>>> print(open('work.cif').read())   # mmCIF, C-alpha atoms
data_input
loop_
_atom_site.label_atom_id
_atom_site.label_comp_id
_atom_site.auth_asym_id
_atom_site.auth_seq_id
_atom_site.Cartn_x
_atom_site.Cartn_y
_atom_site.Cartn_z
CA MET A 1 21.86 -10.04 -20.91
CA ASN A 2 23.47 -10.32 -17.48
CA VAL A 3 22.63 -7.97 -14.59
CA THR A 4 23.81 -7.41 -11.05
CA LYS A 5 22.30 -9.28 -8.13
CA TYR A 6 21.95 -7.72 -4.66
CA SER A 7 22.12 -9.38 -1.28
CA ILE A 8 19.53 -8.80 1.43
CA LYS A 9 22.03 -6.34 2.94
CA GLY A 10 21.94 -4.23 -0.24
CA GLN A 11 25.42 -5.18 -1.40
CA LYS A 12 26.27 -6.21 -4.94
CA ILE A 13 27.11 -9.87 -5.44
CA ASP A 14 29.79 -10.85 -7.93
CA GLU A 15 27.53 -13.51 -9.41
CA LYS A 16 25.53 -12.21 -12.37
CA VAL A 17 21.95 -13.15 -13.28
CA GLU A 18 20.94 -13.83 -16.87
CA LEU A 19 17.68 -12.12 -17.77
CA PRO A 20 14.98 -13.99 -19.70
CA ASN A 21 13.94 -12.78 -23.13
CA VAL A 22 10.73 -11.30 -21.76
CA PHE A 23 12.71 -8.24 -20.62
CA GLU A 24 13.52 -7.52 -24.28
CA THR A 25 9.84 -7.22 -25.27
CA THR A 26 8.85 -4.13 -27.24
CA LEU A 27 7.64 -1.33 -24.99
CA ARG A 28 3.97 -0.77 -25.78
CA PRO A 29 2.32 1.65 -23.33
CA ASP A 30 -0.77 1.82 -25.58
CA VAL A 31 -1.39 -1.92 -25.31
CA ILE A 32 -0.69 -1.82 -21.57
CA LYS A 33 -3.33 0.87 -21.09
CA ARG A 34 -5.94 -1.16 -22.97
CA ALA A 35 -5.15 -4.28 -20.93
CA VAL A 36 -5.34 -2.44 -17.59
CA LEU A 37 -8.70 -0.89 -18.46
CA ALA A 38 -9.98 -4.34 -19.45
CA GLU A 39 -8.78 -5.88 -16.18
CA GLN A 40 -10.40 -3.10 -14.18
CA SER A 41 -13.72 -3.72 -15.92
CA TRP A 42 -13.69 -7.35 -14.79
CA LYS A 43 -13.98 -6.22 -11.17
CA ARG A 44 -17.13 -4.16 -11.64
CA GLN A 45 -20.36 -5.39 -10.13
CA ARG A 46 -23.53 -5.35 -12.22
CA LYS A 47 -26.22 -2.98 -10.96
CA GLY A 48 -29.77 -2.13 -11.91
CA VAL A 49 -33.09 -0.94 -10.50
CA SER A 50 -36.27 -2.86 -9.82
CA PRO A 51 -38.64 -2.85 -12.84
CA PHE A 52 -41.44 -1.82 -10.46
CA ALA A 53 -39.57 1.09 -8.87
CA GLY A 54 -41.75 4.22 -8.87
CA LYS A 55 -44.70 2.34 -10.43
CA LEU A 56 -46.35 0.80 -7.37
CA VAL A 57 -48.98 3.53 -7.08
CA ALA A 58 -52.63 3.82 -8.13
CA VAL A 59 -52.99 6.60 -10.72
CA GLU A 60 -55.65 7.89 -13.07
CA ASN A 61 -55.79 10.31 -16.00
CA TRP A 62 -58.32 13.11 -15.64
CA GLY A 63 -58.65 13.48 -19.41
CA PRO A 64 -59.31 16.69 -21.38
CA GLY A 65 -61.58 19.59 -20.48
CA ARG A 66 -60.38 20.22 -16.96
CA GLY A 67 -57.76 22.87 -17.58
CA ALA A 68 -55.02 20.57 -16.30
CA ALA A 69 -52.25 18.60 -17.94
CA ARG A 70 -53.23 15.08 -18.93
CA VAL A 71 -50.67 13.31 -16.74
CA PRO A 72 -51.17 10.42 -14.32
CA ARG A 73 -52.33 11.62 -10.91
CA ILE A 74 -52.85 9.76 -7.66
CA LYS A 75 -56.36 8.40 -7.41
CA GLY A 76 -58.60 10.37 -5.09
CA SER A 77 -56.61 13.57 -5.50
CA ARG A 78 -59.32 15.43 -7.48
CA THR A 79 -60.50 17.17 -4.36
CA HIS A 80 -57.01 17.59 -3.00
CA SER A 81 -55.46 20.99 -3.52
CA ALA A 82 -52.13 19.48 -4.54
CA GLN A 83 -53.57 17.26 -7.30
CA ARG A 84 -50.30 15.38 -7.12
CA THR A 85 -48.84 13.64 -10.16
CA ALA A 86 -47.15 10.25 -9.93
CA PHE A 87 -45.68 7.35 -11.91
CA ILE A 88 -44.06 9.36 -14.71
CA PRO A 89 -40.33 10.29 -14.63
CA GLN A 90 -40.92 14.01 -14.12
CA ALA A 91 -43.18 13.39 -11.11
CA ARG A 92 -42.01 13.29 -7.53
CA GLY A 93 -41.29 9.67 -6.65
CA GLY A 94 -41.82 8.50 -10.22
CA HIS A 95 -39.72 5.92 -12.04
CA LYS A 96 -36.48 6.93 -13.73
CA ALA A 97 -36.59 7.60 -17.46
CA HIS A 98 -33.59 5.45 -18.38
CA PRO A 99 -32.40 3.60 -15.26
CA PRO A 100 -29.27 1.41 -15.17
CA THR A 101 -29.97 -2.20 -16.09
CA ALA A 102 -28.21 -5.31 -14.85
CA GLU A 103 -28.02 -6.54 -18.46
CA LYS A 104 -25.76 -3.69 -19.55
CA ARG A 105 -22.41 -4.82 -20.96
CA ILE A 106 -19.76 -3.53 -18.56
CA ILE A 107 -16.90 -5.96 -19.30
CA GLU A 108 -14.30 -4.98 -21.87
CA LYS A 109 -12.82 -7.80 -23.89
CA ILE A 110 -9.22 -8.03 -25.04
CA ASN A 111 -7.53 -10.48 -27.35
CA ARG A 112 -5.54 -13.22 -25.64
CA LYS A 113 -2.31 -12.49 -27.52
CA GLU A 114 -2.72 -8.76 -26.99
CA HIS A 115 -3.25 -9.31 -23.27
CA LEU A 116 -0.10 -11.43 -23.12
CA LEU A 117 1.88 -8.77 -25.01
CA ALA A 118 0.73 -6.16 -22.49
CA LEU A 119 1.95 -8.30 -19.58
CA LYS A 120 5.31 -8.91 -21.22
CA SER A 121 5.72 -5.24 -22.07
CA ALA A 122 4.86 -4.23 -18.49
CA ILE A 123 7.56 -6.62 -17.26
CA ALA A 124 10.07 -5.10 -19.69
CA PHE A 125 9.22 -1.61 -18.38
CA THR A 126 10.43 -2.61 -14.90
CA ALA A 127 13.96 -2.78 -16.33
CA GLN A 128 13.83 0.80 -17.68
CA LYS A 129 15.37 3.18 -15.16
CA GLU A 130 13.99 6.28 -16.90
CA ALA A 131 10.44 4.90 -16.95
CA VAL A 132 10.57 4.09 -13.22
CA SER A 133 11.88 7.57 -12.44
CA ASP A 134 9.30 9.28 -14.65
CA ARG A 135 6.56 7.48 -12.75
CA GLY A 136 7.63 9.31 -9.59
CA HIS A 137 9.54 6.62 -7.70
CA ARG A 138 12.59 7.63 -5.68
CA PHE A 139 15.81 5.61 -5.55
CA GLU A 140 19.56 6.07 -5.50
CA ASP A 141 21.25 6.92 -8.80
CA LYS A 142 23.66 3.98 -8.48
CA MET A 143 20.77 1.50 -8.55
CA GLU A 144 20.85 -0.90 -11.51
CA PHE A 145 17.63 -2.10 -13.13
CA PRO A 146 15.97 -4.51 -13.03
CA ILE A 147 16.50 -4.88 -9.28
CA ILE A 148 17.23 -8.52 -8.47
CA ILE A 149 17.91 -9.80 -4.96
CA GLU A 150 19.04 -13.18 -3.73
CA SER A 151 16.36 -15.79 -3.05
CA LYS A 152 17.21 -15.75 0.63
CA ALA A 153 14.91 -12.73 0.90
CA GLU A 154 11.87 -14.99 0.52
CA THR A 155 12.58 -16.43 3.99
CA ILE A 156 12.11 -13.08 5.76
CA GLU A 157 9.39 -13.45 8.39
CA LYS A 158 9.21 -10.06 10.13
CA THR A 159 7.93 -6.75 8.77
CA SER A 160 10.87 -4.96 10.38
CA ASP A 161 13.28 -7.17 8.42
CA ALA A 162 11.37 -6.48 5.20
CA LEU A 163 11.63 -2.74 5.88
CA ARG A 164 15.33 -3.13 6.55
CA LEU A 165 15.69 -4.90 3.19
CA LEU A 166 14.12 -1.96 1.34
CA ASN A 167 16.29 0.52 3.21
CA ASN A 168 19.42 -1.53 2.44
CA LEU A 169 18.53 -1.40 -1.25
CA GLY A 170 18.50 2.42 -1.10
CA LEU A 171 14.74 2.91 -1.13
CA SER A 172 14.46 5.00 2.04
CA LEU A 173 13.43 8.05 -0.05
CA GLU A 174 10.71 5.95 -1.70
CA LEU A 175 9.32 4.92 1.70
CA MET A 176 9.41 8.55 2.83
CA ARG A 177 7.56 9.64 -0.34
CA ILE A 178 4.76 7.18 0.43
CA LYS A 179 4.53 8.25 4.06
CA ILE A 180 4.32 11.94 3.18
CA GLY A 181 1.91 11.32 0.29
CA LYS A 182 -0.70 9.57 2.41
CA ASN A 183 -3.70 11.88 2.81
CA VAL A 184 -7.42 11.91 3.45
CA ARG A 185 -9.55 11.22 0.39
CA ALA A 186 -11.84 13.96 -0.88
CA GLY A 187 -15.52 13.12 -1.19
CA LYS A 188 -17.86 10.49 0.19
CA GLY A 189 -15.30 7.72 -0.17
CA LYS A 190 -14.24 8.60 3.37
CA MET A 191 -17.49 7.04 4.61
CA ARG A 192 -17.13 3.91 2.50
CA GLY A 193 -14.09 2.21 3.95
CA ARG A 194 -11.44 4.07 1.94
CA LYS A 195 -10.66 7.14 4.01
CA TYR A 196 -7.01 7.47 2.97
CA LYS A 197 -5.26 7.65 -0.38
CA VAL A 198 -1.82 6.03 -0.38
CA PRO A 199 0.73 6.41 -3.20
CA VAL A 200 1.74 3.25 -5.03
CA GLY A 201 5.04 1.98 -3.66
CA PRO A 202 7.56 -0.75 -4.52
CA LEU A 203 6.48 -4.17 -5.71
CA ILE A 204 8.36 -7.30 -4.58
CA ILE A 205 7.87 -10.38 -6.74
CA VAL A 206 8.64 -13.81 -5.29
CA LYS A 207 8.32 -17.35 -6.61
CA ASN A 208 6.03 -19.09 -4.12
CA ARG A 209 2.63 -17.91 -2.91
CA ASP A 210 3.22 -19.37 0.55
CA CYS A 211 6.61 -17.79 1.26
CA SER A 212 6.94 -15.87 4.51
CA LEU A 213 7.93 -12.59 2.81
CA ILE A 214 4.37 -12.14 1.52
CA LYS A 215 3.04 -11.94 5.08
CA ALA A 216 6.00 -9.89 6.28
CA GLY A 217 5.56 -7.24 3.57
CA ARG A 218 1.82 -6.76 3.61
CA ASN A 219 1.98 -4.21 6.46
CA ILE A 220 4.49 -1.96 4.68
CA LEU A 221 2.70 1.21 3.60
CA GLY A 222 2.33 1.37 -0.17
CA ALA A 223 4.36 -1.78 -0.83
CA GLU A 224 3.09 -5.07 -2.23
CA VAL A 225 4.48 -8.61 -2.34
CA ILE A 226 3.07 -11.12 -4.83
CA SER A 227 4.14 -14.30 -6.60
CA VAL A 228 5.03 -14.59 -10.27
CA SER A 229 1.92 -16.66 -10.96
CA ASP A 230 -0.30 -13.80 -9.70
CA LEU A 231 1.26 -11.13 -11.92
CA THR A 232 -1.18 -8.94 -13.85
CA THR A 233 -0.72 -5.93 -16.06
CA GLU A 234 -2.62 -3.73 -13.61
CA ILE A 235 -0.25 -4.60 -10.74
CA LEU A 236 2.81 -3.78 -12.85
CA ALA A 237 1.23 -0.63 -14.34
CA PRO A 238 -1.21 0.87 -11.80
CA GLY A 239 -3.47 3.49 -13.32
CA THR A 240 -2.33 2.40 -16.82
CA TYR A 241 1.14 3.94 -16.20
CA PRO A 242 3.96 1.39 -16.63
CA GLY A 243 7.31 1.50 -14.86
CA ARG A 244 6.44 0.55 -11.28
CA LEU A 245 9.48 0.14 -9.02
CA THR A 246 9.79 -3.65 -8.96
CA ILE A 247 12.13 -5.92 -7.02
CA TRP A 248 12.58 -9.48 -8.27
CA THR A 249 13.98 -12.40 -6.33
CA GLU A 250 16.35 -14.71 -8.19
CA ASP A 251 13.86 -17.58 -8.00
CA ALA A 252 11.15 -15.31 -9.46
CA ILE A 253 13.42 -14.64 -12.48
CA GLN A 254 13.80 -18.38 -12.98
CA SER A 255 10.02 -18.73 -12.84
CA LEU A 256 9.75 -16.12 -15.59
CA ILE A 257 11.99 -18.29 -17.76
CA GLU A 258 9.75 -21.27 -17.12
CA ARG A 259 6.63 -19.26 -17.90
CA PHE A 260 7.71 -17.23 -20.93
CA GLY A 261 10.77 -19.12 -22.13
#
>>> encode(input="work.cif", output="structure tokens")
Amino acid sequence: MNVTKYSIKGQKIDEKVELPNVFETTLRPDVIKRAVLAEQSWKRQRKGVSPFAGKLVAVENWGPGRGAARVPRIKGSRTHSAQRTAFIPQARGGHKAHPPTAEKRIIEKINRKEHLLALKSAIAFTAQKEAVSDRGHRFEDKMEFPIIIESKAETIEKTSDALRLLNNLGLSLELMRIKIGKNVRAGKGKMRGRKYKVPVGPLIIVKNRDCSLIKAGRNILGAEVISVSDLTTEILAPGTYPGRLTIWTEDAIQSLIERFG
């Protein structure tokens, strides 16, 4: 299957690009969702409480015959009007009944072949114009998918030139959607280093990790530039929803052939 290639000025080039077979993979959104959830679980940090939390207190049981519940109470509180309880979960400052433990299994496993199928299927979704549109991305109707640009784009060094590249490709509405969609997060996340929520924007995939376009594109709001070797299902299908607006360089397509055949 041959597709159109674009120049960095957004113009179609007569030379066609032959797509690798990975773009013909069966579309499996169910497998993609399972793979994304598994990848997200790998980032979680184990957490638990101290086994002594709420228990470092001297307590005694008054026993029967005092007209009071037989619960642990702080030593020396017999003459105290409060007769304060301690240690037990229902007491103030007591230990939790079923606290989180660091030994809890929080990582979801996925079969190797199933994980590979999810990645291939997510790549195939980037060539589906309807799927990209349904995900909320904005682009010109004349755009042909998958979007492939000449490898010269990997030499871009300035953020302004990277922005100009996206505008030349007809993605000005997409950049405007991201800018308008940026808003302040609801909840306590504002105090934890993530004040703003930014919509997911276009993804540019290059061949080399050390190409200058990666540094030039990292300051574009909502956009992301990564190499083929760093591709994951979660990057191609954020939030388990496939069809992210993806731009491939010609060298990245060749790397796909080397990786998947």
>>> resolve_selection(input="work.cif", expression="the PyMOL selection byres ((chain A and resi 26) around 10)", output="JSON, numbers by chain")
{"A": [22, 23, 24, 25, 27, 28, 29, 117, 118, 120, 121, 122, 124, 125]}
>>> write_last_selection(input="work.cif", atoms="C-alpha atoms", output="compact mmCIF listing (two decimals), keeping the file's coordinate frame")
# COMPACT_ATOMS: atom_id res chain seq x y z
CA VAL A 22 10.73 -11.30 -21.76
CA PHE A 23 12.71 -8.24 -20.62
CA GLU A 24 13.52 -7.52 -24.28
CA THR A 25 9.84 -7.22 -25.27
CA LEU A 27 7.64 -1.33 -24.99
CA ARG A 28 3.97 -0.77 -25.78
CA PRO A 29 2.32 1.65 -23.33
CA LEU A 117 1.88 -8.77 -25.01
CA ALA A 118 0.73 -6.16 -22.49
CA LYS A 120 5.31 -8.91 -21.22
CA SER A 121 5.72 -5.24 -22.07
CA ALA A 122 4.86 -4.23 -18.49
CA ALA A 124 10.07 -5.10 -19.69
CA PHE A 125 9.22 -1.61 -18.38
>>> closest_residue(input="work.cif", among="A:Lys5, A:Arg84, A:Arg177, A:Lys190", to="Ala223 of chain A", atoms="all atoms listed in the file")
A:Arg177
>>> resolve_selection(input="work.cif", expression="the PyMOL selection byres ((chain A and resi 181) around 10)", output="list of chain:residue names")
A:Leu175, A:Met176, A:Arg177, A:Ile178, A:Lys179, A:Ile180, A:Lys182, A:Asn183, A:Val184, A:Lys197, A:Val198, A:Pro199, A:Val200, A:Gly222
>>> closest_residue(input="work.cif", among="A:Leu19, A:Ile214, A:Ala38, A:Val59", to="Leu256 of chain A", atoms="all atoms listed in the file")
A:Leu19
>>> resolve_selection(input="work.cif", expression="the PyMOL selection byres ((chain A and resi 101-105) around 10)", output="PDB file with C-alpha atoms, keeping the file's coordinate frame")
ATOM      1  CA  GLN A  45     -20.360  -5.390 -10.130  1.00  0.00           C
ATOM      2  CA  ARG A  46     -23.530  -5.350 -12.220  1.00  0.00           C
ATOM      3  CA  LYS A  47     -26.220  -2.980 -10.960  1.00  0.00           C
ATOM      4  CA  GLY A  48     -29.770  -2.130 -11.910  1.00  0.00           C
ATOM      5  CA  VAL A  49     -33.090  -0.940 -10.500  1.00  0.00           C
ATOM      6  CA  SER A  50     -36.270  -2.860  -9.820  1.00  0.00           C
ATOM      7  CA  PRO A  51     -38.640  -2.850 -12.840  1.00  0.00           C
ATOM      8  CA  HIS A  98     -33.590   5.450 -18.380  1.00  0.00           C
ATOM      9  CA  PRO A  99     -32.400   3.600 -15.260  1.00  0.00           C
ATOM     10  CA  PRO A 100     -29.270   1.410 -15.170  1.00  0.00           C
ATOM     11  CA  ILE A 106     -19.760  -3.530 -18.560  1.00  0.00           C
ATOM     12  CA  ILE A 107     -16.900  -5.960 -19.300  1.00  0.00           C
ATOM     13  CA  GLU A 108     -14.300  -4.980 -21.870  1.00  0.00           C
TER      14      GLU A 108
END
>>> decode(input="work.cif", residues="segment 106-219 of chain A", atoms="C-alpha atoms", output="short mmCIF file (atom, residue, chain, number, x, y, z; two decimals), in the first residue's frame")
data_model
loop_
_atom_site.label_atom_id
_atom_site.label_comp_id
_atom_site.auth_asym_id
_atom_site.auth_seq_id
_atom_site.Cartn_x
_atom_site.Cartn_y
_atom_site.Cartn_z
CA ILE A 106 -0.59 -3.80 42.01
CA ILE A 107 1.02 -4.80 38.70
CA GLU A 108 -1.17 -6.24 35.96
CA LYS A 109 0.43 -8.83 33.74
CA ILE A 110 -0.20 -9.23 30.02
CA ASN A 111 0.94 -11.90 27.62
CA ARG A 112 3.90 -10.97 25.44
CA LYS A 113 2.14 -11.76 22.15
CA GLU A 114 -1.00 -9.96 23.29
CA HIS A 115 1.05 -6.91 24.25
CA LEU A 116 2.70 -6.94 20.82
CA LEU A 117 -0.68 -7.25 19.10
CA ALA A 118 -1.94 -4.22 21.03
CA LEU A 119 1.05 -2.14 19.89
CA LYS A 120 0.60 -3.18 16.27
CA SER A 121 -3.13 -2.50 16.40
CA ALA A 122 -2.52 0.95 17.92
CA ILE A 123 -0.14 1.71 15.05
CA ALA A 124 -2.77 0.59 12.53
CA PHE A 125 -5.33 2.90 14.15
CA THR A 126 -3.15 5.93 13.30
CA ALA A 127 -3.95 5.28 9.62
CA GLN A 128 -7.73 5.37 10.19
CA LYS A 129 -9.05 8.85 9.47
CA GLU A 130 -12.43 8.15 11.11
CA ALA A 131 -10.81 6.88 14.31
CA VAL A 132 -8.61 9.98 14.58
CA SER A 133 -11.60 12.25 14.03
CA ASP A 134 -13.77 10.37 16.53
CA ARG A 135 -11.08 10.87 19.15
CA GLY A 136 -11.59 14.63 18.89
CA HIS A 137 -8.60 15.72 16.82
CA ARG A 138 -9.03 18.53 14.32
CA PHE A 139 -7.48 18.54 10.84
CA GLU A 140 -8.27 19.51 7.28
CA ASP A 141 -10.54 17.19 5.31
CA LYS A 142 -7.99 16.86 2.49
CA MET A 143 -5.46 15.29 4.86
CA GLU A 144 -4.46 11.73 3.94
CA PHE A 145 -3.68 9.16 6.63
CA PRO A 146 -1.27 8.03 7.84
CA ILE A 147 0.51 11.38 7.80
CA ILE A 148 4.08 10.91 6.56
CA ILE A 149 6.57 13.74 6.18
CA GLU A 150 10.03 13.82 4.66
CA SER A 151 12.95 12.91 6.90
CA LYS A 152 14.30 16.43 6.61
CA ALA A 153 11.90 17.35 9.42
CA GLU A 154 14.13 15.55 11.93
CA THR A 155 16.75 18.29 11.48
CA ILE A 156 14.46 21.06 12.78
CA GLU A 157 16.13 22.75 15.75
CA LYS A 158 13.75 25.55 16.77
CA THR A 159 10.34 25.30 18.40
CA SER A 160 9.04 28.02 16.08
CA ASP A 161 10.01 25.91 13.07
CA ALA A 162 8.30 22.87 14.59
CA LEU A 163 5.13 24.93 15.09
CA ARG A 164 5.37 26.14 11.51
CA LEU A 165 5.60 22.51 10.38
CA LEU A 166 2.35 21.62 12.15
CA ASN A 167 0.61 24.67 10.74
CA ASN A 168 1.83 23.83 7.22
CA LEU A 169 0.33 20.36 7.58
CA GLY A 170 -3.07 21.92 8.31
CA LEU A 171 -3.14 21.32 12.05
CA SER A 172 -3.75 24.91 13.14
CA LEU A 173 -7.25 23.96 14.38
CA GLU A 174 -5.71 21.14 16.43
CA LEU A 175 -3.26 23.54 18.09
CA MET A 176 -6.13 25.95 18.80
CA ARG A 177 -8.19 23.11 20.33
CA ILE A 178 -5.35 22.33 22.74
CA LYS A 179 -4.84 25.97 23.67
CA ILE A 180 -8.54 26.51 24.41
CA GLY A 181 -8.88 23.18 26.23
CA LYS A 182 -6.15 23.92 28.77
CA ASN A 183 -7.79 24.54 32.15
CA VAL A 184 -7.16 24.38 35.88
CA ARG A 185 -7.53 20.93 37.39
CA ALA A 186 -10.29 20.34 39.92
CA GLY A 187 -9.26 19.01 43.31
CA LYS A 188 -6.07 18.80 45.32
CA GLY A 189 -3.96 17.96 42.29
CA LYS A 190 -3.46 21.70 41.92
CA MET A 191 -1.20 21.59 44.99
CA ARG A 192 0.77 18.58 43.78
CA GLY A 193 2.57 19.87 40.73
CA ARG A 194 -0.20 19.27 38.19
CA LYS A 195 -2.25 22.46 38.27
CA TYR A 196 -3.35 22.37 34.62
CA LYS A 197 -5.04 19.75 32.47
CA VAL A 198 -3.93 19.84 28.83
CA PRO A 199 -5.67 17.95 26.01
CA VAL A 200 -3.63 15.31 24.21
CA GLY A 201 -2.27 16.73 20.97
CA PRO A 202 -0.40 15.44 17.92
CA LEU A 203 2.36 12.86 18.19
CA ILE A 204 5.45 13.10 15.97
CA ILE A 205 7.45 9.89 15.60
CA VAL A 206 11.07 10.07 14.45
CA LYS A 207 13.81 7.50 13.95
CA ASN A 208 16.62 8.64 16.24
CA ARG A 209 16.39 9.50 19.92
CA ASP A 210 19.04 12.19 19.59
CA CYS A 211 17.53 14.11 16.67
CA SER A 212 17.04 17.84 17.15
CA LEU A 213 13.27 17.73 16.53
CA ILE A 214 12.72 16.01 19.88
CA LYS A 215 14.11 19.04 21.72
CA ALA A 216 12.40 21.49 19.38
CA GLY A 217 8.96 19.94 19.87
CA ARG A 218 8.93 19.40 23.61
CA ASN A 219 7.73 22.96 24.31
#
